[in-house]
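Data block for data.csv (CSV, C-alpha atoms):
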chain,number,residue,atom,x,y,z
A,230,MET,CA,210.3,51.7,88.2
A,231,ALA,CA,210.9,53.9,85.2
A,232,ILE,CA,207.9,55.7,83.8
A,233,THR,CA,207.1,54.5,80.2
A,234,THR,CA,203.7,55.9,79.3
A,235,THR,CA,201.7,59.0,80.1
A,236,LYS,CA,199.2,56.7,81.8
A,237,SER,CA,201.8,55.1,84.0
A,238,ALA,CA,203.1,58.6,84.9
A,239,PHE,CA,199.7,59.6,86.1
A,240,TRP,CA,199.4,56.4,88.2
A,241,LYS,CA,202.8,56.9,89.7
A,242,GLY,CA,201.8,60.3,90.9
A,243,PHE,CA,198.6,58.8,92.2
A,244,ARG,CA,200.5,56.2,94.2
A,245,ASP,CA,203.1,58.6,95.5
A,246,SER,CA,200.4,60.8,96.9
A,247,ALA,CA,198.7,58.1,98.9
A,248,PRO,CA,200.5,58.7,102.2
A,249,PHE,CA,199.3,62.3,102.1
A,250,LEU,CA,195.8,61.0,102.3
A,251,PHE,CA,196.3,60.4,106.0
A,252,MET,CA,197.0,64.2,106.3
A,253,ALA,CA,194.4,65.7,104.0
A,254,SER,CA,191.4,63.7,105.1
A,255,PRO,CA,191.6,64.4,108.9
A,256,PHE,CA,192.3,68.0,108.2
A,257,GLY,CA,189.5,68.4,105.7
A,258,PHE,CA,187.2,66.7,108.2
A,259,LEU,CA,188.4,69.0,111.0
A,260,PHE,CA,187.8,72.0,108.8
A,261,GLY,CA,184.2,70.8,108.1
A,262,VAL,CA,183.5,70.3,111.9
A,263,LEU,CA,184.9,73.7,112.8
A,264,ALA,CA,183.1,75.4,109.9
A,265,ALA,CA,179.8,73.8,111.1
A,266,GLU,CA,180.6,75.0,114.6
A,267,ALA,CA,181.1,78.5,113.2
A,268,GLY,CA,177.7,78.4,111.7
A,269,LEU,CA,178.4,77.3,108.1
A,270,ILE,CA,175.9,74.9,106.6
A,271,VAL,CA,177.2,71.8,104.7
A,272,PRO,CA,176.9,73.3,101.2
A,273,GLU,CA,178.8,76.4,102.3
A,274,ALA,CA,181.7,74.3,103.9
A,275,PHE,CA,181.7,72.1,100.8
A,276,ALA,CA,181.9,75.1,98.4
A,277,PHE,CA,184.6,76.6,100.6
A,278,SER,CA,186.9,73.6,100.3
A,279,LEU,CA,186.1,73.0,96.6
A,280,THR,CA,186.8,76.5,95.4
A,281,VAL,CA,189.5,77.7,97.7
A,282,PHE,CA,191.2,74.3,98.1
A,283,ALA,CA,193.9,75.4,100.6
A,284,GLY,CA,193.8,74.2,104.1
A,285,ALA,CA,195.8,76.7,106.1
A,286,ALA,CA,194.1,79.7,104.4
A,287,GLN,CA,190.6,78.2,105.0
A,288,PHE,CA,191.4,77.8,108.7
A,289,THR,CA,192.7,81.4,108.8
A,290,ALA,CA,189.6,82.8,107.2
A,291,LEU,CA,187.4,80.7,109.6
A,292,GLN,CA,189.2,82.0,112.7
A,293,LEU,CA,189.0,85.7,111.6
A,294,MET,CA,185.3,85.4,110.6
A,295,GLN,CA,184.7,84.2,114.2
A,296,GLU,CA,186.5,87.2,115.5
A,297,ASN,CA,184.3,89.4,113.4
A,298,ALA,CA,187.3,90.8,111.7
A,299,PRO,CA,186.7,93.3,108.8
A,300,LEU,CA,186.2,91.7,105.4
A,301,ILE,CA,189.4,93.2,103.9
A,302,ILE,CA,191.5,91.9,106.8
A,303,ILE,CA,190.1,88.4,106.4
A,304,LEU,CA,190.9,88.4,102.7
A,305,ILE,CA,194.4,89.9,103.0
A,306,SER,CA,195.4,87.5,105.8
A,307,ALA,CA,194.1,84.3,104.2
A,308,LEU,CA,195.6,85.3,100.9
A,309,ALA,CA,198.9,86.1,102.6
A,310,VAL,CA,198.9,82.5,104.0
A,311,ASN,CA,198.5,81.4,100.3
A,312,LEU,CA,201.3,83.6,98.9
A,313,ARG,CA,203.5,80.5,99.0
A,314,MET,CA,201.3,79.1,96.1
A,315,ALA,CA,202.8,81.8,93.9
A,316,MET,CA,206.2,80.5,94.8
A,317,TYR,CA,205.1,77.0,94.0
A,318,SER,CA,203.7,78.2,90.7
A,319,ALA,CA,207.1,79.9,89.9
A,320,SER,CA,209.1,76.8,90.8
A,321,LEU,CA,206.8,74.5,88.7
A,322,THR,CA,207.0,76.8,85.6
A,323,PRO,CA,210.4,75.4,84.3
A,324,TYR,CA,208.8,71.9,84.3
A,325,LEU,CA,205.3,72.6,83.2
A,326,GLY,CA,205.5,76.0,81.6
A,327,ASP,CA,205.6,74.7,78.0
A,328,ALA,CA,202.3,72.8,78.4
A,329,PRO,CA,199.3,74.1,76.5
A,330,MET,CA,197.5,77.0,78.1
A,331,TRP,CA,194.3,75.0,79.0
A,332,GLN,CA,196.4,72.4,80.8
A,333,ARG,CA,198.3,75.1,82.7
A,334,ALA,CA,195.0,76.8,83.6
A,335,ILE,CA,193.7,73.6,85.1
A,336,ALA,CA,197.0,72.7,86.7
A,337,ALA,CA,197.1,76.1,88.5
A,338,TYR,CA,193.9,75.1,90.5
A,339,PHE,CA,195.7,71.9,91.7
A,340,ILE,CA,198.8,73.6,93.0
A,341,VAL,CA,198.9,72.7,96.7
A,342,ASP,CA,201.6,71.8,99.2
A,343,GLN,CA,201.5,68.1,98.4
A,344,SER,CA,201.3,68.2,94.6
A,345,TYR,CA,204.1,70.7,94.5
A,346,ALA,CA,206.4,68.9,96.9
A,347,LEU,CA,205.9,65.5,95.2
A,348,SER,CA,206.2,66.9,91.6
A,349,VAL,CA,209.4,68.9,92.2
A,350,VAL,CA,211.1,65.9,93.7
A,351,GLN,CA,210.0,63.7,90.8
A,352,PHE,CA,211.0,66.2,88.1
A,353,GLU,CA,214.4,66.8,89.7
A,354,GLN,CA,215.1,63.0,90.0
A,355,GLU,CA,214.1,62.3,86.4
A,356,PRO,CA,215.1,65.4,84.3
A,357,GLU,CA,214.7,63.5,81.0
A,358,MET,CA,210.9,63.0,81.7
A,359,PRO,CA,208.9,64.2,78.7
A,360,LEU,CA,206.5,67.1,79.2
A,361,ALA,CA,203.4,65.0,78.7
A,362,HIS,CA,204.5,62.6,81.4
A,363,ARG,CA,205.3,65.5,83.8
A,364,VAL,CA,201.8,66.9,83.3
A,365,ALA,CA,200.3,63.5,83.9
A,366,TYR,CA,202.4,62.9,87.0
A,367,PHE,CA,201.3,66.3,88.4
A,368,PHE,CA,197.6,65.6,87.9
A,369,GLY,CA,198.1,62.1,89.3
A,370,THR,CA,199.3,63.5,92.6
A,371,ASN,CA,195.9,65.2,92.9
A,372,GLY,CA,193.8,62.2,92.0
A,373,LEU,CA,193.3,61.2,95.6
A,374,ILE,CA,194.0,64.3,97.6
A,375,THR,CA,191.5,66.6,96.0
A,376,PRO,CA,188.4,64.4,96.3
A,377,ALA,CA,189.5,63.4,99.8
A,378,TRP,CA,189.8,67.0,100.9
A,379,VAL,CA,186.4,68.0,99.6
A,380,ILE,CA,184.5,64.9,100.7
A,381,ALA,CA,186.1,65.0,104.1
A,382,THR,CA,185.1,68.6,104.6
A,383,ALA,CA,181.5,67.7,103.7
A,384,LEU,CA,181.5,64.8,106.1
A,385,GLY,CA,183.0,66.9,108.9
A,386,ALA,CA,180.4,69.6,108.4
A,387,LEU,CA,177.6,66.9,108.6
A,388,VAL,CA,179.1,65.7,111.9
A,389,GLY,CA,179.9,69.2,113.1
A,390,THR,CA,176.2,70.3,113.0
A,391,ARG,CA,175.5,67.5,115.5
A,392,ILE,CA,178.1,68.5,118.1
A,393,PRO,CA,176.6,70.6,120.9
A,394,GLU,CA,178.1,74.0,121.4
A,395,SER,CA,178.8,73.1,125.1
A,396,TRP,CA,181.7,70.9,124.0
A,397,GLY,CA,183.8,74.0,123.7
A,398,VAL,CA,185.7,73.2,120.5
A,399,ASP,CA,186.8,76.8,120.1
A,400,PHE,CA,190.3,76.0,121.2
A,401,VAL,CA,190.7,73.2,118.6
A,402,LEU,CA,191.4,75.7,115.8
A,403,PRO,CA,194.4,77.3,117.6
A,404,LEU,CA,195.7,73.7,118.3
A,405,ALA,CA,195.4,72.9,114.6
A,406,PHE,CA,197.5,75.9,113.7
A,407,LEU,CA,200.1,75.0,116.3
A,408,ALA,CA,200.4,71.5,114.9
A,409,MET,CA,200.9,73.0,111.4
A,410,ILE,CA,203.7,75.3,112.6
A,411,GLY,CA,206.2,72.6,113.9
A,412,PRO,CA,206.8,70.9,110.6
A,413,MET,CA,207.1,74.3,108.8
A,414,LEU,CA,210.2,75.2,110.8
A,415,ARG,CA,212.7,73.6,108.4
A,416,THR,CA,215.6,76.1,108.6
A,417,PRO,CA,216.9,78.6,111.1
A,418,ALA,CA,215.4,81.3,108.9
A,419,HIS,CA,211.9,79.8,109.3
A,420,VAL,CA,212.4,79.8,113.1
A,421,ALA,CA,213.4,83.4,112.9
A,422,ALA,CA,210.3,84.3,110.9
A,423,CYS,CA,208.1,82.5,113.3
A,424,PHE,CA,209.8,83.9,116.5
A,425,VAL,CA,209.6,87.5,115.3
A,426,ALA,CA,206.0,87.1,114.1
A,427,VAL,CA,205.0,85.7,117.6
A,428,ALA,CA,206.9,88.4,119.4
A,429,ALA,CA,205.3,91.2,117.3
A,430,SER,CA,201.8,89.7,117.4
A,431,LEU,CA,201.3,90.1,121.1
A,432,PRO,CA,201.7,93.9,121.4
A,433,ALA,CA,200.3,94.3,117.9
A,434,ALA,CA,197.1,92.6,119.1
A,435,ALA,CA,196.1,96.0,120.6
A,436,LEU,CA,195.8,97.5,117.1
A,437,PRO,CA,192.2,97.8,115.9
A,438,TYR,CA,190.5,95.8,113.1
A,439,ASN,CA,192.9,92.8,113.5
A,440,LEU,CA,195.6,94.9,111.8
A,441,GLY,CA,198.1,93.4,114.3
A,442,LEU,CA,198.1,90.2,112.3
A,443,ILE,CA,199.2,91.9,109.1
A,444,VAL,CA,201.8,94.0,110.9
A,445,ALA,CA,203.2,90.9,112.8
A,446,GLY,CA,203.1,88.8,109.6
A,447,ILE,CA,205.1,91.3,107.6
A,448,ALA,CA,207.6,91.6,110.4
A,449,GLY,CA,208.0,87.9,110.5
A,450,MET,CA,208.3,87.7,106.7
A,451,ILE,CA,211.1,90.3,106.6
A,452,ALA,CA,212.9,88.6,109.5
A,453,GLY,CA,212.8,85.3,107.6
A,454,ALA,CA,214.2,86.8,104.4
A,455,GLN,CA,216.9,88.7,106.3
A,456,ALA,CA,217.9,85.7,108.3
A,457,GLU,CA,218.2,83.7,105.0
A,458,LEU,CA,220.5,86.4,103.5
A,459,TRP,CA,222.6,86.5,106.7
A,460,LEU,CA,222.9,82.7,106.8
A,461,GLU,CA,224.0,82.7,103.1
A,462,ARG,CA,226.7,85.3,103.9
A,463,GLN,CA,227.9,83.2,106.8
A,464,ASN,CA,228.1,80.1,104.6
A,465,ILE,CA,230.1,82.0,102.0
A,466,LYS,CA,232.5,83.3,104.7
A,467,THR,CA,233.1,79.9,106.2
A,468,GLU,CA,233.7,78.4,102.8
A,469,GLY,CA,236.1,81.2,101.9
A,470,THR,CA,238.3,80.5,104.9
A,471,LYS,CA,238.6,76.8,104.1
B,191,MET,CA,172.8,80.8,111.5
B,192,SER,CA,174.7,81.9,114.5
B,193,GLY,CA,178.0,83.1,113.1
B,194,THR,CA,179.0,85.1,110.1
B,195,PRO,CA,176.2,86.6,108.0
B,196,SER,CA,175.8,84.8,104.7
B,197,PRO,CA,176.7,87.6,102.3
B,198,ILE,CA,180.0,88.2,104.1
B,199,LEU,CA,180.7,84.5,104.1
B,200,TRP,CA,180.1,84.2,100.3
B,201,ILE,CA,182.3,87.2,99.6
B,202,VAL,CA,185.1,85.6,101.7
B,203,ILE,CA,184.7,82.3,99.8
B,204,LEU,CA,184.6,83.9,96.4
B,205,GLY,CA,187.4,86.4,97.2
B,206,LEU,CA,189.6,83.6,98.5
B,207,ALA,CA,188.8,81.3,95.6
B,208,LEU,CA,189.6,83.9,93.0
B,209,GLY,CA,192.6,85.3,94.9
B,210,SER,CA,194.1,81.8,95.5
B,211,TYR,CA,193.6,80.9,91.9
B,212,ALA,CA,195.3,84.1,90.7
B,213,LEU,CA,198.3,83.4,93.0
B,214,ARG,CA,198.6,79.8,91.6
B,215,PHE,CA,198.1,80.9,88.0
B,216,ALA,CA,200.4,83.9,88.3
B,217,PHE,CA,203.7,82.3,87.2
B,218,ILE,CA,202.7,79.1,85.4
B,219,GLY,CA,200.1,81.0,83.3
B,220,PHE,CA,201.4,84.5,82.7
B,221,MET,CA,205.1,84.6,83.2
B,222,GLY,CA,206.0,81.7,80.8
B,223,GLY,CA,209.6,80.7,81.6
B,224,LYS,CA,210.6,84.0,83.2
B,225,PRO,CA,212.1,83.4,86.7
B,226,ILE,CA,210.7,85.2,89.7
B,227,ALA,CA,212.9,87.8,91.4
B,228,PRO,CA,215.1,86.3,94.1
B,229,TRP,CA,214.1,89.0,96.7
B,230,LEU,CA,210.4,88.3,96.1
B,231,MET,CA,210.9,84.5,96.3
B,232,ARG,CA,212.8,85.0,99.5
B,233,HIS,CA,209.9,86.8,101.1
B,234,LEU,CA,207.2,84.5,99.7
B,235,ARG,CA,209.0,81.6,101.4
B,236,TYR,CA,208.3,83.0,104.9
B,237,THR,CA,204.7,84.2,104.5
B,238,ALA,CA,202.9,81.2,105.9
B,239,VAL,CA,205.4,80.6,108.7
B,240,ALA,CA,205.0,84.3,109.8
B,241,ILE,CA,201.2,84.8,109.4
B,242,ILE,CA,200.1,81.5,111.1
B,243,PRO,CA,202.2,82.0,114.3
B,244,ALA,CA,201.1,85.6,114.4
B,245,LEU,CA,197.5,84.5,114.2
B,246,VAL,CA,197.8,81.8,116.8
B,247,ALA,CA,200.0,83.5,119.5
B,248,PRO,CA,197.3,85.8,120.8
B,249,LEU,CA,194.8,83.0,120.7
B,250,VAL,CA,197.0,81.0,123.1
B,251,VAL,CA,197.9,83.8,125.4
B,252,TRP,CA,194.3,85.1,125.6
B,253,PRO,CA,192.3,81.9,124.9
B,254,ALA,CA,188.6,82.3,123.8
B,255,PRO,CA,187.2,79.5,126.1
B,256,THR,CA,188.1,81.5,129.2
B,257,GLY,CA,186.8,84.7,127.7
B,258,GLY,CA,190.4,85.9,127.1
B,259,ASP,CA,191.9,85.3,130.6
B,260,PRO,CA,195.3,83.7,130.4
B,261,SER,CA,195.0,80.0,131.3
B,262,ALA,CA,197.8,77.6,132.3
B,263,MET,CA,195.7,74.7,131.0
B,264,HIS,CA,195.3,76.1,127.5
B,265,PHE,CA,198.9,77.2,127.4
B,266,ALA,CA,200.1,73.7,128.4
B,267,ALA,CA,198.0,72.0,125.7
B,268,ALA,CA,199.3,74.5,123.1
B,269,ALA,CA,202.9,73.9,124.1
B,270,ALA,CA,202.4,70.1,123.9
B,271,THR,CA,200.9,70.4,120.5
B,272,PHE,CA,203.7,72.6,119.1
B,273,ALA,CA,206.4,70.5,120.8
B,274,VAL,CA,205.2,67.2,119.4
B,275,GLY,CA,204.5,68.7,116.0
B,276,TYR,CA,208.0,70.1,115.9
B,277,LEU,CA,209.8,67.1,117.2
B,278,THR,CA,208.0,64.5,115.1
B,279,ARG,CA,207.4,66.7,112.0
B,280,ASN,CA,203.9,65.1,112.0
B,281,VAL,CA,200.9,67.5,112.1
B,282,LEU,CA,198.5,64.8,113.2
B,283,LEU,CA,200.6,63.5,116.1
B,284,GLY,CA,200.9,67.1,117.3
B,285,LEU,CA,197.2,67.8,117.0
B,286,GLY,CA,196.3,64.5,118.7
B,287,THR,CA,198.7,65.2,121.6
B,288,GLY,CA,197.3,68.7,122.1
B,289,GLY,CA,193.7,67.6,122.0
B,290,LEU,CA,194.4,64.8,124.4
B,291,SER,CA,196.3,67.0,126.9
B,292,LEU,CA,193.6,69.6,126.7
B,293,LEU,CA,191.0,66.8,127.6
B,294,LEU,CA,193.1,65.5,130.4
B,295,LEU,CA,193.7,68.9,131.9
B,296,TYR,CA,190.0,69.7,131.6
B,297,LEU,CA,189.1,66.5,133.4
B,298,ALA,CA,191.7,67.0,136.1
B,299,ALA,CA,190.7,70.6,136.7

For this file, write the structure as structure tokens.
Amino acid sequence: MAITTTKSAFWKGFRDSAPFLFMASPFGFLFGVLAAEAGLIVPEAFAFSLTVFAGAAQFTALQLMQENAPLIIILISALAVNLRMAMYSASLTPYLGDAPMWQRAIAAYFIVDQSYALSVVQFEQEPEMPLAHRVAYFFGTNGLITPAWVIATALGALVGTRIPESWGVDFVLPLAFLAMIGPMLRTPAHVAACFVAVAASLPAAALPYNLGLIVAGIAGMIAGAQAELWLERQNIKTEGTK
Amino acid sequence: MSGTPSPILWIVILGLALGSYALRFAFIGFMGGKPIAPWLMRHLRYTAVAIIPALVAPLVVWPAPTGGDPSAMHFAAAAATFAVGYLTRNVLLGLGTGGLSLLLLYLAA
């Protein structure tokens, strides 16, 4: 169905995002439960999800706070997980960059994995879409996800305060991270980044102040970037010989 | 409150909120239509897929519930979670499998 009005563009984004609800709600709920287990009260968990609004970074901060990592390491690590948002911001700029500043300022808050992925696909498929429709579509993709994430966190935190500590949920957070990694490994370069980061993280765990995480993370990042370059060169070579 | 002291927690929340917003606003707000340098883009693509495995690997090898002693049970649950997440590309199926296998191993032990 072609988009005809700004309103219908918003609702198309809204509908397209519906399947992601089944992802965002359970993970928001899990964050709430684990935050409560870590000692956060409901308003704290709620404020966390509302202001930061980035699942993987929130889980990272939660884990490092439980390890009593230094403040600066917590902030650097969680923000490093969120560096991809800058990449999303950059790739959305050709499509939304001409919108008024106030709209871009609000849109920036809503840049998450789901809204980015849906919007870029939509904008590429319909290059003739007017700017107002693009903006409406982008906001539409957040119409369900954002409230779901925040409300699910609050509900999770409410439930989490009732779970006795003897249940030993402290291995659930590592499992949540592991479940996130699989779908991230889209290309051989992603696999290289992941493999090098894991290999470096084990010896680097001996470093003080949780610095090992930063060292291993940087090693993985460089490995991914280098693998990507290498793969590109291989592609050029094979195409050259054709 | 048992865990993190409140002031630290609020500094983390505020720091992450402002930092994440700055990252999101960086290009769409400031840079206008200017493209991001390819070498920078290339590194940004791999930050999450490097940091998260680096965070989780030590937690699997030296799991907290055993006090840091390597445990076949926890390793098996971790491997199942990753494998199902990777093969199905579905985060929730992976997490469900891992949680279930951990429960089964726990009951069997």

Around (190.4, 74.3, 124.1) in the file's frame, which residues reach within 7 Å when counting all atoms listed in the file? Return as a ChimeraX atom specification? /A:397-401 /B:255,264,292

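In this comparison, which uses all atoms listed in the file, the residue of A:Arg415, A:Arg313, A:His362, A:Arg462 approaching A:Tyr345 most closely is A:Arg313.
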
Two-atom distance - atom CA of A:Ile392, atom CA of A:Ala274 (Å): 15.8 Å

Can you pull out the residues contacting stretch 256-263 of chain B? Cut-off 9 Å, using only C-alpha atoms, and skip same-chain residues under 3 positions away; I want them as a ChimeraX atom specification. /B:249-253,266-268,291-292,295-296,299

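Comparing B:Pro248, B:Gly284, B:Pro228, B:Gly275 by their smallest distance to A:Leu458, the closest is B:Pro228 (using all atoms listed in the file).
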
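Closest approach to chain B from the set A:Thr375, A:Ser348, A:Thr289, A:Thr382 is made by A:Thr289, with distances taken over all atoms listed in the file.
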
For atom CA of A:Lys241 and atom CA of A:Ala381, quote the distance in Å rounded to one decimal. 23.5 Å

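The closest residue to A:Trp459, picked from A:Val271, A:Ile335, A:Ala418, A:Ala264 and counting only C-alpha atoms, is A:Ala418.
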
Distance limit 7 Å, atoms considered: all atoms listed in the file. Which chain B residues sit that close to chain A? Return them as a VMD selection string. chain B and resid 191 to 194 202 to 203 205 to 207 209 to 211 213 to 219 222 to 223 225 to 226 231 to 249 254 to 255 268 271 to 272 275 to 276 279 to 281 284 to 285 288

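The interatomic distance for the pair atom CA of A:Ala377 and atom CA of A:Ser254 works out to 5.6 Å.
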
10 Å contact set for A:Ala253, only C-alpha atoms, chain neighbours under 5 positions out, as a ChimeraX atom specification: /A:248,258-259,284,343,373-379,381-382

Save N, CA and C atoms of stretch 290-309 of chain A from the block above as a PDB file, in the first residue's frame.
ATOM      1  N   ALA A 290      25.696  -1.815  31.809  1.00  0.00           N
ATOM      2  CA  ALA A 290      25.898  -0.997  33.005  1.00  0.00           C
ATOM      3  C   ALA A 290      25.488  -1.769  34.258  1.00  0.00           C
ATOM      4  N   LEU A 291      24.385  -2.495  34.154  1.00  0.00           N
ATOM      5  CA  LEU A 291      23.883  -3.261  35.292  1.00  0.00           C
ATOM      6  C   LEU A 291      24.900  -4.315  35.734  1.00  0.00           C
ATOM      7  N   GLN A 292      25.438  -5.038  34.753  1.00  0.00           N
ATOM      8  CA  GLN A 292      26.417  -6.070  35.062  1.00  0.00           C
ATOM      9  C   GLN A 292      27.654  -5.464  35.739  1.00  0.00           C
ATOM     10  N   LEU A 293      28.164  -4.367  35.181  1.00  0.00           N
ATOM     11  CA  LEU A 293      29.395  -3.776  35.715  1.00  0.00           C
ATOM     12  C   LEU A 293      29.156  -3.148  37.088  1.00  0.00           C
ATOM     13  N   MET A 294      27.952  -2.619  37.325  1.00  0.00           N
ATOM     14  CA  MET A 294      27.658  -2.076  38.658  1.00  0.00           C
ATOM     15  C   MET A 294      27.675  -3.199  39.685  1.00  0.00           C
ATOM     16  N   GLN A 295      27.194  -4.383  39.267  1.00  0.00           N
ATOM     17  CA  GLN A 295      27.201  -5.513  40.200  1.00  0.00           C
ATOM     18  C   GLN A 295      28.608  -6.005  40.473  1.00  0.00           C
ATOM     19  N   GLU A 296      29.507  -5.798  39.502  1.00  0.00           N
ATOM     20  CA  GLU A 296      30.907  -6.182  39.712  1.00  0.00           C
ATOM     21  C   GLU A 296      31.659  -5.094  40.461  1.00  0.00           C
ATOM     22  N   ASN A 297      30.958  -4.031  40.849  1.00  0.00           N
ATOM     23  CA  ASN A 297      31.579  -2.886  41.517  1.00  0.00           C
ATOM     24  C   ASN A 297      32.720  -2.287  40.703  1.00  0.00           C
ATOM     25  N   ALA A 298      32.544  -2.242  39.406  1.00  0.00           N
ATOM     26  CA  ALA A 298      33.545  -1.646  38.528  1.00  0.00           C
ATOM     27  C   ALA A 298      33.591  -0.134  38.782  1.00  0.00           C
ATOM     28  N   PRO A 299      34.753   0.503  38.515  1.00  0.00           N
ATOM     29  CA  PRO A 299      34.828   1.959  38.686  1.00  0.00           C
ATOM     30  C   PRO A 299      33.831   2.667  37.766  1.00  0.00           C
ATOM     31  N   LEU A 300      33.339   3.801  38.245  1.00  0.00           N
ATOM     32  CA  LEU A 300      32.329   4.573  37.529  1.00  0.00           C
ATOM     33  C   LEU A 300      32.714   4.846  36.078  1.00  0.00           C
ATOM     34  N   ILE A 301      33.955   5.260  35.882  1.00  0.00           N
ATOM     35  CA  ILE A 301      34.391   5.654  34.539  1.00  0.00           C
ATOM     36  C   ILE A 301      34.358   4.458  33.593  1.00  0.00           C
ATOM     37  N   ILE A 302      34.697   3.277  34.118  1.00  0.00           N
ATOM     38  CA  ILE A 302      34.671   2.055  33.282  1.00  0.00           C
ATOM     39  C   ILE A 302      33.225   1.697  32.919  1.00  0.00           C
ATOM     40  N   ILE A 303      32.327   1.849  33.888  1.00  0.00           N
ATOM     41  CA  ILE A 303      30.909   1.564  33.607  1.00  0.00           C
ATOM     42  C   ILE A 303      30.426   2.464  32.466  1.00  0.00           C
ATOM     43  N   LEU A 304      30.737   3.760  32.582  1.00  0.00           N
ATOM     44  CA  LEU A 304      30.248   4.711  31.582  1.00  0.00           C
ATOM     45  C   LEU A 304      30.874   4.452  30.214  1.00  0.00           C
ATOM     46  N   ILE A 305      32.192   4.254  30.180  1.00  0.00           N
ATOM     47  CA  ILE A 305      32.869   4.034  28.892  1.00  0.00           C
ATOM     48  C   ILE A 305      32.338   2.771  28.219  1.00  0.00           C
ATOM     49  N   SER A 306      32.209   1.685  29.002  1.00  0.00           N
ATOM     50  CA  SER A 306      31.804   0.412  28.404  1.00  0.00           C
ATOM     51  C   SER A 306      30.384   0.480  27.859  1.00  0.00           C
ATOM     52  N   ALA A 307      29.472   1.018  28.659  1.00  0.00           N
ATOM     53  CA  ALA A 307      28.076   1.063  28.219  1.00  0.00           C
ATOM     54  C   ALA A 307      27.922   2.013  27.033  1.00  0.00           C
ATOM     55  N   LEU A 308      28.661   3.117  27.047  1.00  0.00           N
ATOM     56  CA  LEU A 308      28.571   4.034  25.912  1.00  0.00           C
ATOM     57  C   LEU A 308      29.224   3.430  24.671  1.00  0.00           C
ATOM     58  N   ALA A 309      30.256   2.606  24.873  1.00  0.00           N
ATOM     59  CA  ALA A 309      30.873   1.935  23.727  1.00  0.00           C
ATOM     60  C   ALA A 309      29.871   1.001  23.057  1.00  0.00           C
TER      61      ALA A 309
END
